[in-house]
file data_36.cif (mmCIF, N, CA and C atoms)
data_my_file
#
loop_
_atom_site.label_atom_id
_atom_site.label_comp_id
_atom_site.auth_asym_id
_atom_site.auth_seq_id
_atom_site.Cartn_x
_atom_site.Cartn_y
_atom_site.Cartn_z
N MET A 1277 -78.26 58.57 57.42
CA MET A 1277 -76.90 58.31 57.00
C MET A 1277 -76.54 59.29 55.89
N GLU A 1278 -75.37 59.88 56.05
CA GLU A 1278 -74.91 60.86 55.06
C GLU A 1278 -74.36 60.14 53.82
N THR A 1279 -74.35 60.88 52.72
CA THR A 1279 -73.86 60.33 51.46
C THR A 1279 -72.40 59.89 51.58
N SER A 1280 -71.57 60.71 52.25
CA SER A 1280 -70.15 60.36 52.39
C SER A 1280 -69.97 59.06 53.17
N GLU A 1281 -70.84 58.82 54.15
CA GLU A 1281 -70.76 57.58 54.92
C GLU A 1281 -71.10 56.38 54.04
N LEU A 1282 -72.14 56.52 53.24
CA LEU A 1282 -72.52 55.44 52.34
C LEU A 1282 -71.43 55.16 51.31
N ILE A 1283 -70.86 56.21 50.76
CA ILE A 1283 -69.78 56.04 49.77
C ILE A 1283 -68.58 55.35 50.41
N SER A 1284 -68.22 55.78 51.63
CA SER A 1284 -67.08 55.14 52.30
C SER A 1284 -67.37 53.67 52.61
N MET A 1285 -68.62 53.36 52.95
CA MET A 1285 -68.99 51.96 53.20
C MET A 1285 -68.89 51.13 51.93
N LEU A 1286 -69.34 51.69 50.81
CA LEU A 1286 -69.27 50.96 49.54
C LEU A 1286 -67.81 50.74 49.12
N ILE A 1287 -66.98 51.76 49.30
CA ILE A 1287 -65.56 51.63 48.94
C ILE A 1287 -64.88 50.60 49.85
N SER A 1288 -65.10 50.72 51.16
CA SER A 1288 -64.42 49.79 52.07
C SER A 1288 -64.96 48.37 51.94
N SER A 1289 -66.17 48.22 51.43
CA SER A 1289 -66.73 46.88 51.21
C SER A 1289 -66.00 46.14 50.10
N CYS A 1290 -65.33 46.87 49.24
CA CYS A 1290 -64.55 46.25 48.16
C CYS A 1290 -63.18 45.78 48.65
N VAL A 1291 -62.73 46.29 49.78
CA VAL A 1291 -61.37 46.00 50.27
C VAL A 1291 -61.12 44.51 50.48
N PRO A 1292 -61.97 43.78 51.23
CA PRO A 1292 -61.66 42.35 51.42
C PRO A 1292 -61.59 41.55 50.12
N ILE A 1293 -62.39 41.94 49.14
CA ILE A 1293 -62.37 41.25 47.86
C ILE A 1293 -61.06 41.54 47.12
N LEU A 1294 -60.67 42.82 47.10
CA LEU A 1294 -59.45 43.20 46.40
C LEU A 1294 -58.20 42.70 47.13
N VAL A 1295 -58.19 42.83 48.45
CA VAL A 1295 -57.05 42.33 49.22
C VAL A 1295 -56.93 40.81 49.05
N GLY A 1296 -58.06 40.12 49.10
CA GLY A 1296 -58.05 38.67 48.92
C GLY A 1296 -57.52 38.27 47.55
N TYR A 1297 -57.91 39.02 46.53
CA TYR A 1297 -57.45 38.73 45.17
C TYR A 1297 -55.93 38.83 45.08
N VAL A 1298 -55.37 39.88 45.70
CA VAL A 1298 -53.92 40.08 45.66
C VAL A 1298 -53.22 39.17 46.66
N TYR A 1299 -53.70 39.13 47.88
CA TYR A 1299 -53.04 38.39 48.96
C TYR A 1299 -52.99 36.89 48.70
N TYR A 1300 -54.07 36.33 48.18
CA TYR A 1300 -54.12 34.89 47.92
C TYR A 1300 -53.65 34.54 46.51
N SER A 1301 -53.00 35.49 45.82
CA SER A 1301 -52.45 35.20 44.50
C SER A 1301 -51.23 34.29 44.65
N LYS A 1302 -50.82 33.72 43.54
CA LYS A 1302 -49.68 32.79 43.56
C LYS A 1302 -48.38 33.49 43.97
N ASN A 1303 -48.31 34.81 43.78
CA ASN A 1303 -47.08 35.55 44.10
C ASN A 1303 -46.95 35.88 45.58
N LEU A 1304 -48.03 35.84 46.33
CA LEU A 1304 -47.95 36.15 47.76
C LEU A 1304 -48.29 34.90 48.58
N ALA A 1305 -49.34 34.98 49.38
CA ALA A 1305 -49.66 33.87 50.29
C ALA A 1305 -50.38 32.72 49.60
N GLY A 1306 -50.83 32.93 48.39
CA GLY A 1306 -51.61 31.91 47.69
C GLY A 1306 -50.90 30.60 47.48
N LYS A 1307 -49.61 30.66 47.21
CA LYS A 1307 -48.86 29.42 46.96
C LYS A 1307 -48.81 28.58 48.24
N ALA A 1308 -48.45 29.19 49.36
CA ALA A 1308 -48.40 28.46 50.63
C ALA A 1308 -49.79 27.99 51.04
N TRP A 1309 -50.79 28.83 50.80
CA TRP A 1309 -52.17 28.50 51.15
C TRP A 1309 -52.65 27.29 50.35
N ARG A 1310 -52.36 27.28 49.06
CA ARG A 1310 -52.79 26.17 48.20
C ARG A 1310 -52.04 24.88 48.50
N ASN A 1311 -50.80 24.99 48.99
CA ASN A 1311 -50.05 23.79 49.35
C ASN A 1311 -50.68 23.07 50.54
N ILE A 1312 -51.33 23.83 51.40
CA ILE A 1312 -51.97 23.24 52.58
C ILE A 1312 -53.42 22.90 52.31
N PHE A 1313 -54.12 23.83 51.67
CA PHE A 1313 -55.55 23.69 51.43
C PHE A 1313 -55.78 23.82 49.94
N THR A 1314 -56.27 22.81 49.31
CA THR A 1314 -56.47 22.83 47.87
C THR A 1314 -57.95 23.05 47.55
N PRO A 1315 -58.32 24.30 47.23
CA PRO A 1315 -59.71 24.54 46.86
C PRO A 1315 -60.01 23.93 45.49
N LYS A 1316 -61.25 23.65 45.24
CA LYS A 1316 -61.66 23.04 43.98
C LYS A 1316 -62.00 24.13 42.96
N GLU A 1317 -61.08 25.08 42.79
CA GLU A 1317 -61.35 26.22 41.94
C GLU A 1317 -61.50 25.84 40.46
N LYS A 1318 -60.93 24.73 40.04
CA LYS A 1318 -61.06 24.32 38.65
C LYS A 1318 -62.51 23.94 38.33
N HIS A 1319 -63.26 23.57 39.33
CA HIS A 1319 -64.63 23.12 39.13
C HIS A 1319 -65.67 24.21 39.40
N VAL A 1320 -65.20 25.40 39.75
CA VAL A 1320 -66.12 26.48 40.08
C VAL A 1320 -66.60 27.15 38.79
N LYS A 1321 -67.90 27.22 38.64
CA LYS A 1321 -68.49 27.84 37.46
C LYS A 1321 -68.48 29.35 37.61
N LEU A 1322 -68.63 30.05 36.51
CA LEU A 1322 -68.67 31.50 36.52
C LEU A 1322 -69.80 32.01 37.41
N SER A 1323 -70.96 31.37 37.36
CA SER A 1323 -72.09 31.80 38.18
C SER A 1323 -71.77 31.67 39.67
N SER A 1324 -70.98 30.64 40.03
CA SER A 1324 -70.57 30.47 41.42
C SER A 1324 -69.61 31.57 41.85
N LYS A 1325 -68.71 31.96 40.96
CA LYS A 1325 -67.77 33.05 41.26
C LYS A 1325 -68.52 34.37 41.44
N ILE A 1326 -69.52 34.61 40.61
CA ILE A 1326 -70.31 35.84 40.74
C ILE A 1326 -71.06 35.83 42.06
N THR A 1327 -71.65 34.69 42.41
CA THR A 1327 -72.34 34.57 43.70
C THR A 1327 -71.36 34.80 44.84
N LEU A 1328 -70.17 34.25 44.74
CA LEU A 1328 -69.14 34.43 45.76
C LEU A 1328 -68.81 35.91 45.95
N ILE A 1329 -68.64 36.64 44.87
CA ILE A 1329 -68.31 38.06 44.94
C ILE A 1329 -69.47 38.85 45.53
N ILE A 1330 -70.69 38.54 45.14
CA ILE A 1330 -71.87 39.26 45.65
C ILE A 1330 -72.02 39.03 47.16
N VAL A 1331 -71.95 37.78 47.58
CA VAL A 1331 -72.08 37.47 49.01
C VAL A 1331 -70.92 38.08 49.79
N SER A 1332 -69.71 38.03 49.23
CA SER A 1332 -68.55 38.64 49.89
C SER A 1332 -68.76 40.14 50.06
N PHE A 1333 -69.31 40.78 49.04
CA PHE A 1333 -69.56 42.22 49.12
C PHE A 1333 -70.60 42.53 50.20
N ILE A 1334 -71.66 41.75 50.26
CA ILE A 1334 -72.70 41.98 51.27
C ILE A 1334 -72.13 41.80 52.68
N MET A 1335 -71.36 40.75 52.90
CA MET A 1335 -70.76 40.52 54.21
C MET A 1335 -69.76 41.63 54.55
N SER A 1336 -69.01 42.08 53.56
CA SER A 1336 -68.07 43.17 53.77
C SER A 1336 -68.80 44.48 54.07
N PHE A 1337 -69.96 44.66 53.46
CA PHE A 1337 -70.77 45.85 53.73
C PHE A 1337 -71.21 45.86 55.19
N LEU A 1338 -71.57 44.70 55.72
CA LEU A 1338 -71.94 44.62 57.14
C LEU A 1338 -70.75 44.97 58.02
N LEU A 1339 -69.57 44.49 57.66
CA LEU A 1339 -68.36 44.86 58.40
C LEU A 1339 -68.12 46.37 58.32
N SER A 1340 -68.35 46.95 57.15
CA SER A 1340 -68.16 48.39 56.97
C SER A 1340 -69.11 49.18 57.85
N PHE A 1341 -70.34 48.72 57.94
CA PHE A 1341 -71.31 49.40 58.81
C PHE A 1341 -70.82 49.40 60.25
N PHE A 1342 -70.34 48.25 60.72
CA PHE A 1342 -69.83 48.16 62.08
C PHE A 1342 -68.62 49.08 62.26
N LEU A 1343 -67.69 49.06 61.30
CA LEU A 1343 -66.51 49.91 61.39
C LEU A 1343 -66.88 51.39 61.39
N LEU A 1344 -67.89 51.76 60.63
CA LEU A 1344 -68.34 53.15 60.62
C LEU A 1344 -68.78 53.57 62.01
N GLU A 1345 -69.56 52.76 62.65
CA GLU A 1345 -70.03 53.07 64.00
C GLU A 1345 -68.90 52.99 65.03
N PHE A 1346 -68.02 52.03 64.88
CA PHE A 1346 -66.92 51.84 65.83
C PHE A 1346 -65.88 52.95 65.71
N ASN A 1347 -65.53 53.32 64.48
CA ASN A 1347 -64.48 54.32 64.24
C ASN A 1347 -64.98 55.74 64.35
N ASN A 1348 -66.20 55.98 63.98
CA ASN A 1348 -66.64 57.35 63.77
C ASN A 1348 -67.81 57.77 64.65
N GLY A 1349 -67.95 57.14 65.77
CA GLY A 1349 -69.00 57.55 66.69
C GLY A 1349 -68.66 58.89 67.31
N ARG A 1350 -69.61 59.47 67.95
CA ARG A 1350 -69.39 60.74 68.63
C ARG A 1350 -68.27 60.56 69.65
N GLY A 1351 -67.41 61.57 69.74
CA GLY A 1351 -66.26 61.49 70.63
C GLY A 1351 -65.00 61.02 69.91
N GLN A 1352 -65.14 60.63 68.66
CA GLN A 1352 -63.99 60.18 67.87
C GLN A 1352 -63.50 61.27 66.92
N GLU A 1353 -64.03 62.47 67.04
CA GLU A 1353 -63.68 63.51 66.09
C GLU A 1353 -62.35 64.17 66.43
N GLY A 1354 -61.93 65.04 65.55
CA GLY A 1354 -60.73 65.83 65.79
C GLY A 1354 -59.48 65.14 65.31
N GLU A 1355 -58.44 65.20 66.15
CA GLU A 1355 -57.13 64.68 65.76
C GLU A 1355 -57.14 63.19 65.48
N PHE A 1356 -58.16 62.48 65.94
CA PHE A 1356 -58.21 61.04 65.75
C PHE A 1356 -58.89 60.63 64.45
N ASP A 1357 -59.39 61.57 63.69
CA ASP A 1357 -60.00 61.25 62.41
C ASP A 1357 -58.93 61.18 61.33
N THR A 1358 -58.14 60.12 61.36
CA THR A 1358 -57.06 59.96 60.39
C THR A 1358 -57.09 58.53 59.84
N PHE A 1359 -56.45 58.36 58.72
CA PHE A 1359 -56.34 57.03 58.12
C PHE A 1359 -55.62 56.09 59.09
N ALA A 1360 -54.52 56.55 59.67
CA ALA A 1360 -53.72 55.70 60.57
C ALA A 1360 -54.52 55.27 61.79
N HIS A 1361 -55.31 56.16 62.35
CA HIS A 1361 -56.12 55.81 63.51
C HIS A 1361 -57.18 54.78 63.12
N GLY A 1362 -57.76 54.92 61.94
CA GLY A 1362 -58.73 53.95 61.45
C GLY A 1362 -58.09 52.59 61.23
N VAL A 1363 -56.85 52.59 60.72
CA VAL A 1363 -56.12 51.32 60.52
C VAL A 1363 -55.92 50.65 61.88
N TRP A 1364 -55.56 51.44 62.89
CA TRP A 1364 -55.39 50.88 64.23
C TRP A 1364 -56.68 50.24 64.72
N HIS A 1365 -57.80 50.94 64.54
CA HIS A 1365 -59.10 50.38 64.95
C HIS A 1365 -59.39 49.08 64.22
N GLY A 1366 -59.16 49.06 62.91
CA GLY A 1366 -59.42 47.86 62.12
C GLY A 1366 -58.55 46.69 62.56
N CYS A 1367 -57.27 46.96 62.78
CA CYS A 1367 -56.35 45.89 63.23
C CYS A 1367 -56.73 45.41 64.63
N PHE A 1368 -57.12 46.33 65.48
CA PHE A 1368 -57.55 45.97 66.83
C PHE A 1368 -58.76 45.03 66.77
N LEU A 1369 -59.73 45.37 65.94
CA LEU A 1369 -60.91 44.52 65.79
C LEU A 1369 -60.54 43.16 65.19
N ALA A 1370 -59.60 43.15 64.27
CA ALA A 1370 -59.16 41.87 63.69
C ALA A 1370 -58.57 40.98 64.77
N ILE A 1371 -57.82 41.58 65.68
CA ILE A 1371 -57.17 40.79 66.72
C ILE A 1371 -58.16 40.32 67.78
N ILE A 1372 -59.12 41.18 68.16
CA ILE A 1372 -60.03 40.76 69.24
C ILE A 1372 -61.29 40.05 68.75
N ILE A 1373 -61.59 40.16 67.45
CA ILE A 1373 -62.79 39.49 66.94
C ILE A 1373 -62.42 38.42 65.90
N ALA A 1374 -61.71 38.83 64.84
CA ALA A 1374 -61.40 37.87 63.76
C ALA A 1374 -60.44 36.78 64.21
N MET A 1375 -59.46 37.13 65.05
CA MET A 1375 -58.50 36.12 65.47
C MET A 1375 -59.15 34.98 66.26
N PRO A 1376 -59.93 35.28 67.30
CA PRO A 1376 -60.55 34.16 68.02
C PRO A 1376 -61.46 33.31 67.14
N ILE A 1377 -62.22 33.94 66.25
CA ILE A 1377 -63.12 33.19 65.37
C ILE A 1377 -62.31 32.33 64.40
N THR A 1378 -61.29 32.91 63.80
CA THR A 1378 -60.45 32.18 62.85
C THR A 1378 -59.75 31.00 63.52
N ILE A 1379 -59.16 31.25 64.67
CA ILE A 1379 -58.43 30.19 65.38
C ILE A 1379 -59.38 29.10 65.85
N LEU A 1380 -60.51 29.48 66.46
CA LEU A 1380 -61.45 28.47 66.94
C LEU A 1380 -62.00 27.62 65.81
N ASN A 1381 -62.42 28.27 64.71
CA ASN A 1381 -62.92 27.50 63.56
C ASN A 1381 -61.84 26.57 63.03
N GLY A 1382 -60.62 27.08 62.91
CA GLY A 1382 -59.53 26.27 62.40
C GLY A 1382 -59.21 25.08 63.29
N LEU A 1383 -59.26 25.29 64.60
CA LEU A 1383 -58.98 24.19 65.51
C LEU A 1383 -60.04 23.10 65.39
N TYR A 1384 -61.30 23.50 65.31
CA TYR A 1384 -62.37 22.51 65.18
C TYR A 1384 -62.36 21.82 63.82
N GLU A 1385 -61.80 22.50 62.82
CA GLU A 1385 -61.70 21.90 61.48
C GLU A 1385 -60.37 21.18 61.30
N PHE A 1386 -59.55 21.14 62.33
CA PHE A 1386 -58.24 20.47 62.33
C PHE A 1386 -57.32 21.01 61.24
N LYS A 1387 -57.34 22.33 61.06
CA LYS A 1387 -56.46 22.96 60.07
C LYS A 1387 -55.09 23.19 60.69
N LYS A 1388 -54.10 23.25 59.84
CA LYS A 1388 -52.73 23.51 60.29
C LYS A 1388 -52.61 24.97 60.71
N ILE A 1389 -51.71 25.21 61.65
CA ILE A 1389 -51.52 26.57 62.18
C ILE A 1389 -51.09 27.54 61.08
N LYS A 1390 -50.34 27.05 60.11
CA LYS A 1390 -49.86 27.93 59.03
C LYS A 1390 -51.03 28.53 58.25
N ILE A 1391 -52.04 27.73 57.95
CA ILE A 1391 -53.18 28.26 57.21
C ILE A 1391 -54.00 29.23 58.08
N LEU A 1392 -54.05 28.97 59.38
CA LEU A 1392 -54.75 29.88 60.28
C LEU A 1392 -54.05 31.24 60.31
N LEU A 1393 -52.73 31.22 60.36
CA LEU A 1393 -51.97 32.47 60.37
C LEU A 1393 -52.08 33.22 59.05
N ILE A 1394 -52.08 32.49 57.95
CA ILE A 1394 -52.26 33.12 56.63
C ILE A 1394 -53.63 33.81 56.58
N ASN A 1395 -54.67 33.11 57.01
CA ASN A 1395 -56.01 33.68 56.99
C ASN A 1395 -56.14 34.85 57.98
N LEU A 1396 -55.51 34.74 59.13
CA LEU A 1396 -55.57 35.82 60.10
C LEU A 1396 -54.89 37.08 59.59
N LEU A 1397 -53.74 36.93 58.96
CA LEU A 1397 -53.06 38.10 58.39
C LEU A 1397 -53.93 38.76 57.32
N TYR A 1398 -54.64 37.98 56.54
CA TYR A 1398 -55.57 38.53 55.56
C TYR A 1398 -56.59 39.44 56.24
N TRP A 1399 -57.16 38.97 57.36
CA TRP A 1399 -58.17 39.78 58.06
C TRP A 1399 -57.57 41.00 58.73
N ILE A 1400 -56.36 40.90 59.23
CA ILE A 1400 -55.71 42.08 59.81
C ILE A 1400 -55.50 43.14 58.73
N LEU A 1401 -55.01 42.72 57.56
CA LEU A 1401 -54.81 43.65 56.45
C LEU A 1401 -56.14 44.24 55.97
N SER A 1402 -57.14 43.39 55.77
CA SER A 1402 -58.42 43.85 55.24
C SER A 1402 -59.13 44.80 56.20
N LEU A 1403 -59.26 44.39 57.46
CA LEU A 1403 -59.95 45.24 58.43
C LEU A 1403 -59.16 46.50 58.72
N GLY A 1404 -57.84 46.42 58.70
CA GLY A 1404 -57.03 47.63 58.88
C GLY A 1404 -57.28 48.64 57.78
N LEU A 1405 -57.25 48.19 56.54
CA LEU A 1405 -57.52 49.10 55.42
C LEU A 1405 -58.96 49.62 55.44
N MET A 1406 -59.89 48.75 55.76
CA MET A 1406 -61.29 49.19 55.85
C MET A 1406 -61.45 50.26 56.92
N GLY A 1407 -60.85 50.06 58.09
CA GLY A 1407 -60.92 51.05 59.16
C GLY A 1407 -60.28 52.36 58.75
N GLY A 1408 -59.15 52.28 58.06
CA GLY A 1408 -58.48 53.49 57.58
C GLY A 1408 -59.35 54.28 56.63
N ILE A 1409 -59.99 53.60 55.71
CA ILE A 1409 -60.89 54.26 54.76
C ILE A 1409 -62.05 54.91 55.49
N MET A 1410 -62.64 54.17 56.43
CA MET A 1410 -63.80 54.70 57.15
C MET A 1410 -63.43 55.94 57.95
N ASP A 1411 -62.28 55.93 58.61
CA ASP A 1411 -61.88 57.07 59.43
C ASP A 1411 -61.47 58.25 58.55
N ALA A 1412 -60.76 57.99 57.46
CA ALA A 1412 -60.29 59.08 56.61
C ALA A 1412 -61.44 59.78 55.87
N MET A 1413 -62.48 59.04 55.55
CA MET A 1413 -63.57 59.62 54.75
C MET A 1413 -64.71 60.20 55.58
N ASN A 1414 -64.72 59.94 56.87
CA ASN A 1414 -65.85 60.39 57.69
C ASN A 1414 -65.34 61.12 58.92
N HIS A 1415 -65.78 62.35 59.04
CA HIS A 1415 -65.41 63.16 60.21
C HIS A 1415 -66.66 63.78 60.81
N TRP A 1416 -66.90 63.47 62.07
CA TRP A 1416 -67.98 64.18 62.75
C TRP A 1416 -67.51 65.61 62.94
N PRO A 1417 -68.42 66.56 62.79
CA PRO A 1417 -67.98 67.95 63.01
C PRO A 1417 -67.54 68.13 64.47
N ASN A 1418 -66.45 68.84 64.63
CA ASN A 1418 -66.01 69.15 65.99
C ASN A 1418 -66.99 70.11 66.62
N GLN A 1419 -67.45 69.74 67.77
CA GLN A 1419 -68.40 70.59 68.48
C GLN A 1419 -67.78 71.02 69.80
N ILE A 1420 -67.73 72.31 69.99
CA ILE A 1420 -67.21 72.85 71.24
C ILE A 1420 -68.39 73.13 72.14
N THR A 1421 -68.41 72.48 73.28
CA THR A 1421 -69.52 72.72 74.21
C THR A 1421 -68.99 73.19 75.53
#

call {"tool": "encode", "arguments": {"input": "data_36.cif", "output": "structure tokens"}}
result
Amino acid sequence: METSELISMLISSCVPILVGYVYYSKNLAGKAWRNIFTPKEKHVKLSSKITLIIVSFIMSFLLSFFLLEFNNGRGQEGEFDTFAHGVWHGCFLAIIIAMPITILNGLYEFKKIKILLINLLYWILSLGLMGGIMDAMNHWPNQIT
């Protein structure tokens, strides 16, 4: 693995944490989300928040590894190595992977459709940005054969 690939994975691994911080804030989707689902955030200790961030980063790193292979495999070089193309790949994966998982889990947990849509939009935004970062930062050399 090249250094640029590792750096792009580390950067994109921060995206779900940062997007979640902004997206679930009181100014955006957080107010509607909290009206439906009330997390016990008042009772969460600092050590629990640190654990949450560490585990989130590790899980995001696994997603980044998959996106690196999905976006930047051989045959993906050239005009398709762009931020926009990576965003498309990330959004596509959110729709074909994150959406079914989110909806199925929500249905079995008897969650309201509004919270499922809020959570799904979060994953579309996060995976889209992660894919964009991965594609913009990693280019296989063009090989003419």

call {"tool": "atom_distance", "arguments": {"input": "data_36.cif", "atom1": "atom C of A:Ala1305", "atom2": "atom CA of A:Asp1411"}}
result
28.7 Å

call {"tool": "residues_around", "arguments": {"input": "data_36.cif", "residues": "stretch 1384-1396 of chain A", "least_positions_apart": "2", "cutoff": "9 Å", "atoms": "only C-alpha atoms", "output": "JSON, numbers by chain"}}
result
{"A": [1305, 1308, 1309, 1312, 1313, 1370, 1371, 1374, 1375, 1378, 1379, 1380, 1381, 1382, 1398, 1399, 1400, 1401]}

call {"tool": "closest_residue", "arguments": {"input": "data_36.cif", "among": "A:Ile1409, A:Thr1279, A:Gly1296, A:Ser1288", "to": "A:Phe1359", "atoms": "only N, CA and C atoms"}}
result
A:Ile1409

call {"tool": "residues_around", "arguments": {"input": "data_36.cif", "residues": "A:Gly1366", "least_positions_apart": "5", "cutoff": "6 Å", "atoms": "only C-alpha atoms", "output": "PyMOL selection string"}}
result
chain A and resi 1403-1404+1407

call {"tool": "closest_residue", "arguments": {"input": "data_36.cif", "among": "A:Ser1280, A:Asn1414, A:Met1335, A:Leu1304", "to": "A:Leu1397", "atoms": "only C-alpha atoms"}}
result
A:Leu1304

call {"tool": "atom_distance", "arguments": {"input": "data_36.cif", "atom1": "atom N of A:Ile1287", "atom2": "atom N of A:Ile1326"}}
result
19.4 Å

call {"tool": "decode", "arguments": {"input": "data_36.cif", "residues": "stretch 1277-1295 of chain A", "atoms": "N, CA and C atoms", "output": "short mmCIF file (atom, residue, chain, number, x, y, z; two decimals), in the first residue's frame"}}
result
data_model
loop_
_atom_site.label_atom_id
_atom_site.label_comp_id
_atom_site.auth_asym_id
_atom_site.auth_seq_id
_atom_site.Cartn_x
_atom_site.Cartn_y
_atom_site.Cartn_z
N MET A 1277 0.85 -1.17 0.00
CA MET A 1277 0.00 0.00 0.00
C MET A 1277 0.90 1.23 0.00
N GLU A 1278 0.55 2.16 -0.88
CA GLU A 1278 1.32 3.39 -0.99
C GLU A 1278 0.95 4.35 0.14
N THR A 1279 1.87 5.27 0.41
CA THR A 1279 1.66 6.26 1.47
C THR A 1279 0.43 7.11 1.17
N SER A 1280 0.25 7.52 -0.10
CA SER A 1280 -0.90 8.37 -0.44
C SER A 1280 -2.22 7.63 -0.20
N GLU A 1281 -2.22 6.32 -0.42
CA GLU A 1281 -3.43 5.54 -0.17
C GLU A 1281 -3.76 5.50 1.32
N LEU A 1282 -2.73 5.29 2.13
CA LEU A 1282 -2.93 5.26 3.58
C LEU A 1282 -3.41 6.62 4.09
N ILE A 1283 -2.80 7.68 3.60
CA ILE A 1283 -3.20 9.03 4.02
C ILE A 1283 -4.65 9.30 3.62
N SER A 1284 -5.02 8.92 2.39
CA SER A 1284 -6.41 9.14 1.96
C SER A 1284 -7.38 8.31 2.80
N MET A 1285 -6.98 7.11 3.19
CA MET A 1285 -7.83 6.28 4.04
C MET A 1285 -8.00 6.91 5.42
N LEU A 1286 -6.93 7.45 5.98
CA LEU A 1286 -7.01 8.09 7.29
C LEU A 1286 -7.90 9.34 7.23
N ILE A 1287 -7.74 10.12 6.17
CA ILE A 1287 -8.55 11.34 6.03
C ILE A 1287 -10.03 10.96 5.84
N SER A 1288 -10.30 10.02 4.93
CA SER A 1288 -11.70 9.67 4.68
C SER A 1288 -12.33 8.96 5.87
N SER A 1289 -11.52 8.35 6.72
CA SER A 1289 -12.05 7.71 7.93
C SER A 1289 -12.60 8.72 8.92
N CYS A 1290 -12.17 9.95 8.81
CA CYS A 1290 -12.68 11.01 9.69
C CYS A 1290 -14.02 11.56 9.20
N VAL A 1291 -14.35 11.33 7.94
CA VAL A 1291 -15.55 11.92 7.34
C VAL A 1291 -16.83 11.54 8.08
N PRO A 1292 -17.12 10.24 8.32
CA PRO A 1292 -18.39 9.94 9.00
C PRO A 1292 -18.51 10.58 10.39
N ILE A 1293 -17.39 10.72 11.07
CA ILE A 1293 -17.41 11.34 12.40
C ILE A 1293 -17.72 12.84 12.27
N LEU A 1294 -17.04 13.50 11.33
CA LEU A 1294 -17.25 14.93 11.15
C LEU A 1294 -18.63 15.24 10.56
N VAL A 1295 -19.03 14.45 9.56
CA VAL A 1295 -20.36 14.65 8.98
C VAL A 1295 -21.44 14.41 10.03
#
